[in-house]
Amino acid sequence: MERSGSWLRAMVVLTCLVAASGARELKVRSRAHKAIYNHTLATILVEYASAVYMSDLTELFSWTCPRCDGKTKGFEVIELIVDVQHCLQAYVGVAEDLNAMVIAFRGTQEHSIQNWVEDLYWKQLDINYPGMPGAMVHHGFYFAYHNTTIRPGILDAVTRAKDLYGDINVMVTGHSMGGAMASFCGLDLVVNHEARNVQVLTFGQPRIGNAVFASCYSDHVPNTIRITNGHDIVPHLPPYYSRFPQKTYHHFPREVWLYNIGFGSLVYQVEKVCDCSGEDPSCSRSVTGNSLADHLVYYGVGLMAETWGSCKIVKDARLKEYGGEDVKGNLMLSRNPSASTLRLPSDSDARSNFS
């Protein structure tokens, strides 16, 4: 009952503030935005964002999991990182058909999705982004990428892939919290590691910083697309208050909003490319963000863990030759793309479960 009450109070507060907001909105300063929406690419990357939710590490590392087929067939994972301590997961690999390196981050899994969404209402802009005066972000989003085992594993894999393939394109993706981490990763690669040809495409990600951060982000990573779906609640959070433009969260561009029109059997999906403000009032902001169902399915692809509220992973003992655990139980598995395909275990006794 207490959870339910806090949820209702949050909705009332948000509704009142949005209704009262009549101040002039702060615009994101950015260079000519070069992000071009590609439907085909989005439907490919959503499958990568779905696969990273898989808990069977042997199947994921060998790219034989139930979600590791279709438009992503033939992908080679070169790094799989699982931060068990913080319930985070990501992988890096090479997609020859895209002529690109793909980096994918898993969304939240540690708690129920409803509890996580409720917590988003109260996240404050509480730290300055390094090297960007006036740019503020929430420490939880920043910490998940920058202060866990995820970042070192990602950077090591990117370096190895570039040694093998040269300066290939880098595509970074993720869903929900994974989208927030993908954004920080793309910015990190450009600003701190002089990466070129970085493209970020996320699904249902929350806001992560203020308008100054959004402007700086857009300047550094202009080739960014945020896909939002219907009434998905998460892109509306943490809340945006136009009455307090200097202190509120602000999305960076460019949004592509998916929504349905028609009725009955005559319904089809519109894919609207939004303006360069990051907060186009004619896109997802034009509707109420009140749907968890819209958050969990994009382009017909499920974006969720097999079970919520658990950080359980499954791995085979023979994965040890590709890496191991640190003292906190975090896992990093590495291999070169040229290595022979990892054989799946034929004996279920070789598997072990970790929570």
# chains A, B, ... in the order shown; residues from 1 in each chain; ligands from 1
$ residues_around --residues "region 116-131 of chain A" --least-positions-apart "6" --cutoff "7 Å" --atoms "only C-alpha atoms" --output "PyMOL selection string"
chain A and resi 7+10+137-139+209+234+237-239
$ residues_around --residues "Ala161 (chain A)" --least-positions-apart "3" --cutoff "9 Å" --atoms "only C-alpha atoms" --output "VMD selection string"
chain A and resid 78 93 to 94 101 156 to 158 164 to 168 336 to 337
$ closest_residue --among "A:Ile233, A:Val221, A:Ala180, A:Val84" --to "Ile208 (chain A)" --atoms "only C-alpha atoms"
A:Ala180
$ select_by_dssp --residues "region 56-228 of chain A" --states "alpha helix (DSSP H)" --output "PyMOL selection string"
chain A and resi 57-61+113-120+139-146+150-165+177-193+211-220
$ write_last_selection --atoms "C-alpha atoms" --output "CSV table (one decimal), in the first residue's frame"
chain,number,residue,atom,x,y,z
A,57,LEU,CA,26.5,-16.4,-20.6
A,58,THR,CA,27.7,-19.4,-22.6
A,59,GLU,CA,25.0,-19.0,-25.2
A,60,LEU,CA,25.4,-15.2,-25.2
A,61,PHE,CA,29.2,-15.3,-25.5
A,113,ILE,CA,10.5,-2.5,-13.4
A,114,GLN,CA,7.7,-0.6,-11.6
A,115,ASN,CA,9.9,0.1,-8.5
A,116,TRP,CA,12.7,1.3,-10.7
A,117,VAL,CA,10.3,3.6,-12.6
A,118,GLU,CA,9.0,5.0,-9.3
A,119,ASP,CA,12.5,5.8,-8.2
A,120,LEU,CA,13.1,7.8,-11.5
A,139,HIS,CA,25.3,10.3,-10.1
A,140,GLY,CA,23.5,6.9,-10.4
A,141,PHE,CA,23.4,7.0,-14.3
A,142,TYR,CA,27.0,8.3,-14.4
A,143,PHE,CA,28.3,5.8,-11.8
A,144,ALA,CA,26.7,2.8,-13.6
A,145,TYR,CA,29.0,3.3,-16.6
A,146,HIS,CA,32.0,5.2,-15.2
A,150,ILE,CA,31.8,-2.2,-17.3
A,151,ARG,CA,33.9,0.7,-18.6
A,152,PRO,CA,37.3,-0.9,-18.4
A,153,GLY,CA,36.0,-4.0,-20.2
A,154,ILE,CA,34.4,-1.9,-22.9
A,155,LEU,CA,37.5,0.2,-23.5
A,156,ASP,CA,39.8,-2.8,-23.6
A,157,ALA,CA,37.6,-4.5,-26.2
A,158,VAL,CA,37.3,-1.3,-28.3
A,159,THR,CA,41.1,-1.1,-28.3
A,160,ARG,CA,41.6,-4.7,-29.4
A,161,ALA,CA,38.9,-4.4,-32.1
A,162,LYS,CA,40.6,-1.3,-33.5
A,163,ASP,CA,44.0,-3.1,-33.5
A,164,LEU,CA,42.4,-5.8,-35.7
A,165,TYR,CA,40.1,-3.8,-37.9
A,177,MET,CA,18.9,2.1,-18.1
A,178,GLY,CA,21.1,0.4,-20.8
A,179,GLY,CA,20.3,3.4,-23.1
A,180,ALA,CA,21.5,5.8,-20.4
A,181,MET,CA,24.8,3.8,-20.1
A,182,ALA,CA,25.1,3.6,-23.9
A,183,SER,CA,24.9,7.4,-24.1
A,184,PHE,CA,27.6,7.9,-21.5
A,185,CYS,CA,29.7,5.3,-23.3
A,186,GLY,CA,29.4,7.1,-26.7
A,187,LEU,CA,30.3,10.4,-25.1
A,188,ASP,CA,33.3,8.8,-23.3
A,189,LEU,CA,34.6,7.2,-26.5
A,190,VAL,CA,34.5,10.6,-28.3
A,191,VAL,CA,35.7,12.9,-25.6
A,192,ASN,CA,38.3,10.8,-23.7
A,193,HIS,CA,39.4,8.3,-26.3
A,211,ALA,CA,20.1,21.3,-20.9
A,212,VAL,CA,23.8,22.2,-20.8
A,213,PHE,CA,24.7,18.6,-20.7
A,214,ALA,CA,22.3,17.9,-23.6
A,215,SER,CA,24.0,20.7,-25.7
A,216,CYS,CA,27.5,19.4,-24.9
A,217,TYR,CA,26.5,15.8,-25.7
A,218,SER,CA,24.9,16.8,-29.0
A,219,ASP,CA,28.0,18.7,-30.0
A,220,HIS,CA,30.2,15.7,-29.3
$ closest_residue --among "A:Val314, A:Val256, A:Cys65, A:Ala35" --to "Asp280 (chain A)" --atoms "only C-alpha atoms"
A:Val256
$ residues_around --residues "Glu255 (chain A)" --least-positions-apart "3" --cutoff "8 Å" --atoms "only C-alpha atoms" --output "PyMOL selection string"
chain A and resi 225-228+273-275+278+283
$ write_last_selection --atoms "all heavy atoms" --output "CSV table (one decimal), in the first residue's frame"
chain,number,residue,atom,x,y,z
A,225,ILE,N,20.4,8.8,-32.0
A,225,ILE,CA,19.0,8.7,-32.2
A,225,ILE,C,18.4,8.0,-30.9
A,225,ILE,O,18.9,7.0,-30.5
A,225,ILE,CB,18.6,7.8,-33.4
A,225,ILE,CG1,19.0,8.5,-34.7
A,225,ILE,CG2,17.1,7.5,-33.4
A,225,ILE,CD1,18.2,9.6,-35.1
A,226,ARG,N,17.4,8.6,-30.4
A,226,ARG,CA,16.7,8.1,-29.2
A,226,ARG,C,15.3,7.6,-29.7
A,226,ARG,O,14.5,8.4,-30.1
A,226,ARG,CB,16.5,9.1,-28.1
A,226,ARG,CG,17.7,9.5,-27.4
A,226,ARG,CD,17.3,10.4,-26.2
A,226,ARG,NE,16.7,11.7,-26.7
A,226,ARG,CZ,15.4,11.9,-26.6
A,226,ARG,NH1,14.5,10.9,-26.1
A,226,ARG,NH2,14.8,13.0,-27.1
A,227,ILE,N,15.0,6.3,-29.7
A,227,ILE,CA,13.7,5.8,-30.1
A,227,ILE,C,12.8,5.8,-28.9
A,227,ILE,O,13.2,5.3,-27.8
A,227,ILE,CB,13.8,4.4,-30.7
A,227,ILE,CG1,14.9,4.3,-31.8
A,227,ILE,CG2,12.5,4.0,-31.3
A,227,ILE,CD1,14.7,5.1,-33.0
A,228,THR,N,11.6,6.4,-29.0
A,228,THR,CA,10.6,6.3,-28.0
A,228,THR,C,9.4,5.7,-28.6
A,228,THR,O,9.1,5.8,-29.8
A,228,THR,CB,10.3,7.7,-27.4
A,228,THR,OG1,9.8,8.5,-28.5
A,228,THR,CG2,11.5,8.4,-26.8
A,273,VAL,N,10.2,11.5,-37.1
A,273,VAL,CA,11.5,12.1,-36.8
A,273,VAL,C,11.3,13.5,-36.2
A,273,VAL,O,10.7,14.3,-36.8
A,273,VAL,CB,12.4,12.2,-38.0
A,273,VAL,CG1,13.8,12.8,-37.7
A,273,VAL,CG2,12.6,10.8,-38.6
A,274,CYS,N,11.8,13.7,-35.0
A,274,CYS,CA,11.5,14.9,-34.2
A,274,CYS,C,12.5,16.0,-34.5
A,274,CYS,O,13.5,15.7,-35.2
A,274,CYS,CB,11.4,14.6,-32.7
A,274,CYS,SG,10.3,13.2,-32.4
A,275,ASP,N,12.3,17.2,-33.9
A,275,ASP,CA,13.2,18.3,-34.2
A,275,ASP,C,14.5,18.1,-33.4
A,275,ASP,O,14.7,17.1,-32.7
A,275,ASP,CB,12.5,19.6,-33.9
A,275,ASP,CG,12.2,19.8,-32.4
A,275,ASP,OD1,12.8,19.2,-31.5
A,275,ASP,OD2,11.3,20.6,-32.1
A,278,GLY,N,15.5,18.2,-28.7
A,278,GLY,CA,15.6,17.1,-27.7
A,278,GLY,C,14.3,17.0,-26.9
A,278,GLY,O,14.0,15.9,-26.3
A,283,CYS,N,6.2,15.5,-30.2
A,283,CYS,CA,6.6,14.0,-30.2
A,283,CYS,C,6.1,13.4,-29.0
A,283,CYS,O,5.0,13.6,-28.5
A,283,CYS,CB,8.1,13.9,-30.5
A,283,CYS,SG,8.5,14.2,-32.2
$ residues_around --residues "region 287-290 of chain A" --least-positions-apart "2" --cutoff "9 Å" --atoms "only C-alpha atoms" --output "mmCIF file with N, CA and C atoms, in the first residue's frame"
data_model
loop_
_atom_site.group_PDB
_atom_site.id
_atom_site.type_symbol
_atom_site.label_atom_id
_atom_site.label_comp_id
_atom_site.auth_asym_id
_atom_site.auth_seq_id
_atom_site.Cartn_x
_atom_site.Cartn_y
_atom_site.Cartn_z
ATOM 1 N N GLY A 230 5.265 5.073 -28.337
ATOM 2 C CA GLY A 230 3.928 5.317 -27.824
ATOM 3 C C GLY A 230 3.903 6.102 -26.535
ATOM 4 N N HIS A 231 3.312 5.504 -25.494
ATOM 5 C CA HIS A 231 3.176 6.139 -24.192
ATOM 6 C C HIS A 231 4.206 5.605 -23.191
ATOM 7 N N ASP A 232 5.317 5.081 -23.687
ATOM 8 C CA ASP A 232 6.383 4.578 -22.816
ATOM 9 C C ASP A 232 6.672 5.602 -21.718
ATOM 10 N N ILE A 233 6.604 5.153 -20.480
ATOM 11 C CA ILE A 233 6.752 6.064 -19.351
ATOM 12 C C ILE A 233 8.191 6.518 -19.125
ATOM 13 N N VAL A 234 9.175 5.668 -19.427
ATOM 14 C CA VAL A 234 10.559 5.949 -19.037
ATOM 15 C C VAL A 234 11.148 7.174 -19.726
ATOM 16 N N PRO A 235 10.935 7.417 -21.038
ATOM 17 C CA PRO A 235 11.487 8.634 -21.642
ATOM 18 C C PRO A 235 10.939 9.930 -21.037
ATOM 19 N N HIS A 236 9.848 9.847 -20.278
ATOM 20 C CA HIS A 236 9.283 11.021 -19.617
ATOM 21 C C HIS A 236 9.950 11.275 -18.263
ATOM 22 N N LEU A 237 10.901 10.441 -17.897
ATOM 23 C CA LEU A 237 11.521 10.513 -16.574
ATOM 24 C C LEU A 237 13.050 10.601 -16.662
ATOM 25 N N SER A 282 5.818 18.093 -29.994
ATOM 26 C CA SER A 282 4.897 17.377 -30.879
ATOM 27 C C SER A 282 5.219 15.894 -30.975
ATOM 28 N N CYS A 283 6.232 15.450 -30.228
ATOM 29 C CA CYS A 283 6.587 14.024 -30.242
ATOM 30 C C CYS A 283 6.119 13.354 -28.959
ATOM 31 N N SER A 284 6.920 12.552 -28.314
ATOM 32 C CA SER A 284 6.401 11.790 -27.170
ATOM 33 C C SER A 284 5.902 12.692 -26.045
ATOM 34 N N ARG A 285 6.410 13.924 -25.979
ATOM 35 C CA ARG A 285 5.929 14.856 -24.954
ATOM 36 C C ARG A 285 4.481 15.279 -25.186
ATOM 37 N N LEU A 292 3.920 0.966 -19.068
ATOM 38 C CA LEU A 292 5.059 0.059 -18.937
ATOM 39 C C LEU A 292 5.108 -0.911 -20.109
ATOM 40 N N ASP A 294 4.424 -0.332 -23.234
ATOM 41 C CA ASP A 294 5.114 0.302 -24.363
ATOM 42 C C ASP A 294 6.618 0.365 -24.138
#
$ residues_around --residues "Cys68 (chain A)" --least-positions-apart "2" --cutoff "10 Å" --atoms "only C-alpha atoms" --output "PyMOL selection string"
chain A and resi 47-48+50-52+54+59-66+70-75
$ write_last_selection --atoms "N, CA, C and O atoms" --output "JSON list (two decimals), in the first residue's frame"
[["chain", "number", "residue", "atom", "x", "y", "z"],
["A", 47, "GLU", "N", 17.50, -5.78, -31.79],
["A", 47, "GLU", "CA", 17.76, -7.19, -31.49],
["A", 47, "GLU", "C", 19.03, -7.34, -30.65],
["A", 47, "GLU", "O", 19.10, -8.22, -29.78],
["A", 48, "TYR", "N", 20.02, -6.49, -30.89],
["A", 48, "TYR", "CA", 21.21, -6.51, -30.04],
["A", 48, "TYR", "C", 20.87, -6.05, -28.63],
["A", 48, "TYR", "O", 21.35, -6.60, -27.63],
["A", 50, "SER", "N", 18.06, -6.42, -27.19],
["A", 50, "SER", "CA", 17.28, -7.49, -26.57],
["A", 50, "SER", "C", 18.17, -8.62, -26.09],
["A", 50, "SER", "O", 18.00, -9.16, -24.99],
["A", 51, "ALA", "N", 19.15, -8.99, -26.92],
["A", 51, "ALA", "CA", 20.01, -10.13, -26.59],
["A", 51, "ALA", "C", 20.82, -9.92, -25.32],
["A", 51, "ALA", "O", 21.09, -10.87, -24.58],
["A", 52, "VAL", "N", 21.20, -8.69, -25.03],
["A", 52, "VAL", "CA", 22.05, -8.44, -23.87],
["A", 52, "VAL", "C", 21.34, -8.73, -22.55],
["A", 52, "VAL", "O", 21.97, -8.84, -21.50],
["A", 54, "MET", "N", 19.95, -11.59, -21.94],
["A", 54, "MET", "CA", 20.03, -13.03, -21.71],
["A", 54, "MET", "C", 20.97, -13.36, -20.54],
["A", 54, "MET", "O", 22.03, -12.75, -20.39],
["A", 59, "GLU", "N", 25.69, -19.18, -23.98],
["A", 59, "GLU", "CA", 24.95, -18.95, -25.21],
["A", 59, "GLU", "C", 25.14, -17.53, -25.73],
["A", 59, "GLU", "O", 25.23, -17.30, -26.94],
["A", 60, "LEU", "N", 25.23, -16.57, -24.81],
["A", 60, "LEU", "CA", 25.42, -15.20, -25.24],
["A", 60, "LEU", "C", 26.82, -14.97, -25.80],
["A", 60, "LEU", "O", 26.99, -14.35, -26.85],
["A", 61, "PHE", "N", 27.82, -15.51, -25.11],
["A", 61, "PHE", "CA", 29.22, -15.33, -25.54],
["A", 61, "PHE", "C", 29.47, -16.02, -26.88],
["A", 61, "PHE", "O", 30.25, -15.54, -27.70],
["A", 62, "SER", "N", 28.82, -17.15, -27.11],
["A", 62, "SER", "CA", 28.99, -17.87, -28.38],
["A", 62, "SER", "C", 27.97, -17.43, -29.43],
["A", 62, "SER", "O", 27.98, -17.93, -30.55],
["A", 63, "TRP", "N", 27.11, -16.52, -29.07],
["A", 63, "TRP", "CA", 26.05, -15.96, -29.93],
["A", 63, "TRP", "C", 25.16, -17.07, -30.50],
["A", 63, "TRP", "O", 24.88, -17.15, -31.68],
["A", 64, "THR", "N", 24.70, -17.91, -29.59],
["A", 64, "THR", "CA", 23.77, -18.99, -29.95],
["A", 64, "THR", "C", 22.51, -18.95, -29.10],
["A", 64, "THR", "O", 21.75, -19.92, -29.06],
["A", 65, "CYS", "N", 22.28, -17.84, -28.42],
["A", 65, "CYS", "CA", 21.11, -17.73, -27.54],
["A", 65, "CYS", "C", 19.84, -17.60, -28.38],
["A", 65, "CYS", "O", 19.90, -17.32, -29.59],
["A", 66, "PRO", "N", 18.67, -17.79, -27.78],
["A", 66, "PRO", "CA", 17.41, -17.70, -28.54],
["A", 66, "PRO", "C", 17.20, -16.34, -29.21],
["A", 66, "PRO", "O", 16.48, -16.24, -30.19],
["A", 70, "GLY", "N", 18.25, -14.25, -36.36],
["A", 70, "GLY", "CA", 17.53, -13.25, -37.13],
["A", 70, "GLY", "C", 18.47, -12.26, -37.79],
["A", 70, "GLY", "O", 19.42, -12.64, -38.48],
["A", 71, "LYS", "N", 18.26, -10.99, -37.54],
["A", 71, "LYS", "CA", 19.04, -9.93, -38.19],
["A", 71, "LYS", "C", 20.44, -9.78, -37.63],
["A", 71, "LYS", "O", 21.25, -9.03, -38.18],
["A", 72, "THR", "N", 20.75, -10.48, -36.53],
["A", 72, "THR", "CA", 22.09, -10.37, -35.93],
["A", 72, "THR", "C", 22.91, -11.63, -36.14],
["A", 72, "THR", "O", 23.99, -11.78, -35.55],
["A", 73, "LYS", "N", 22.44, -12.54, -36.95],
["A", 73, "LYS", "CA", 23.14, -13.80, -37.17],
["A", 73, "LYS", "C", 24.56, -13.55, -37.69],
["A", 73, "LYS", "O", 24.77, -12.70, -38.56],
["A", 74, "GLY", "N", 25.53, -14.28, -37.14],
["A", 74, "GLY", "CA", 26.91, -14.13, -37.56],
["A", 74, "GLY", "C", 27.71, -13.15, -36.73],
["A", 74, "GLY", "O", 28.92, -13.00, -36.94],
["A", 75, "PHE", "N", 27.07, -12.50, -35.77],
["A", 75, "PHE", "CA", 27.77, -11.55, -34.89],
["A", 75, "PHE", "C", 28.80, -12.29, -34.05],
["A", 75, "PHE", "O", 28.58, -13.42, -33.61]]
$ atom_distance --atom1 "CA of Asn38 (chain A)" --atom2 "CA of Pro206 (chain A)"
21.5 Å
$ closest_residue --among "A:Cys276, A:Leu266, A:Val77, A:Met132" --to "Glu96 (chain A)" --atoms "only C-alpha atoms"
A:Val77
$ closest_residue --among "A:Asp97, A:Glu306, A:Asp83, A:Glu194" --to "Asn330 (chain A)" --atoms "only C-alpha atoms"
A:Asp83
$ atom_distance --atom1 "CA of Pro281 (chain A)" --atom2 "CA of Thr202 (chain A)"
19.7 Å
$ closest_residue --among "A:Val270, A:Leu319, A:Phe105, A:Leu296" --to "Leu201 (chain A)" --atoms "only C-alpha atoms"
A:Phe105
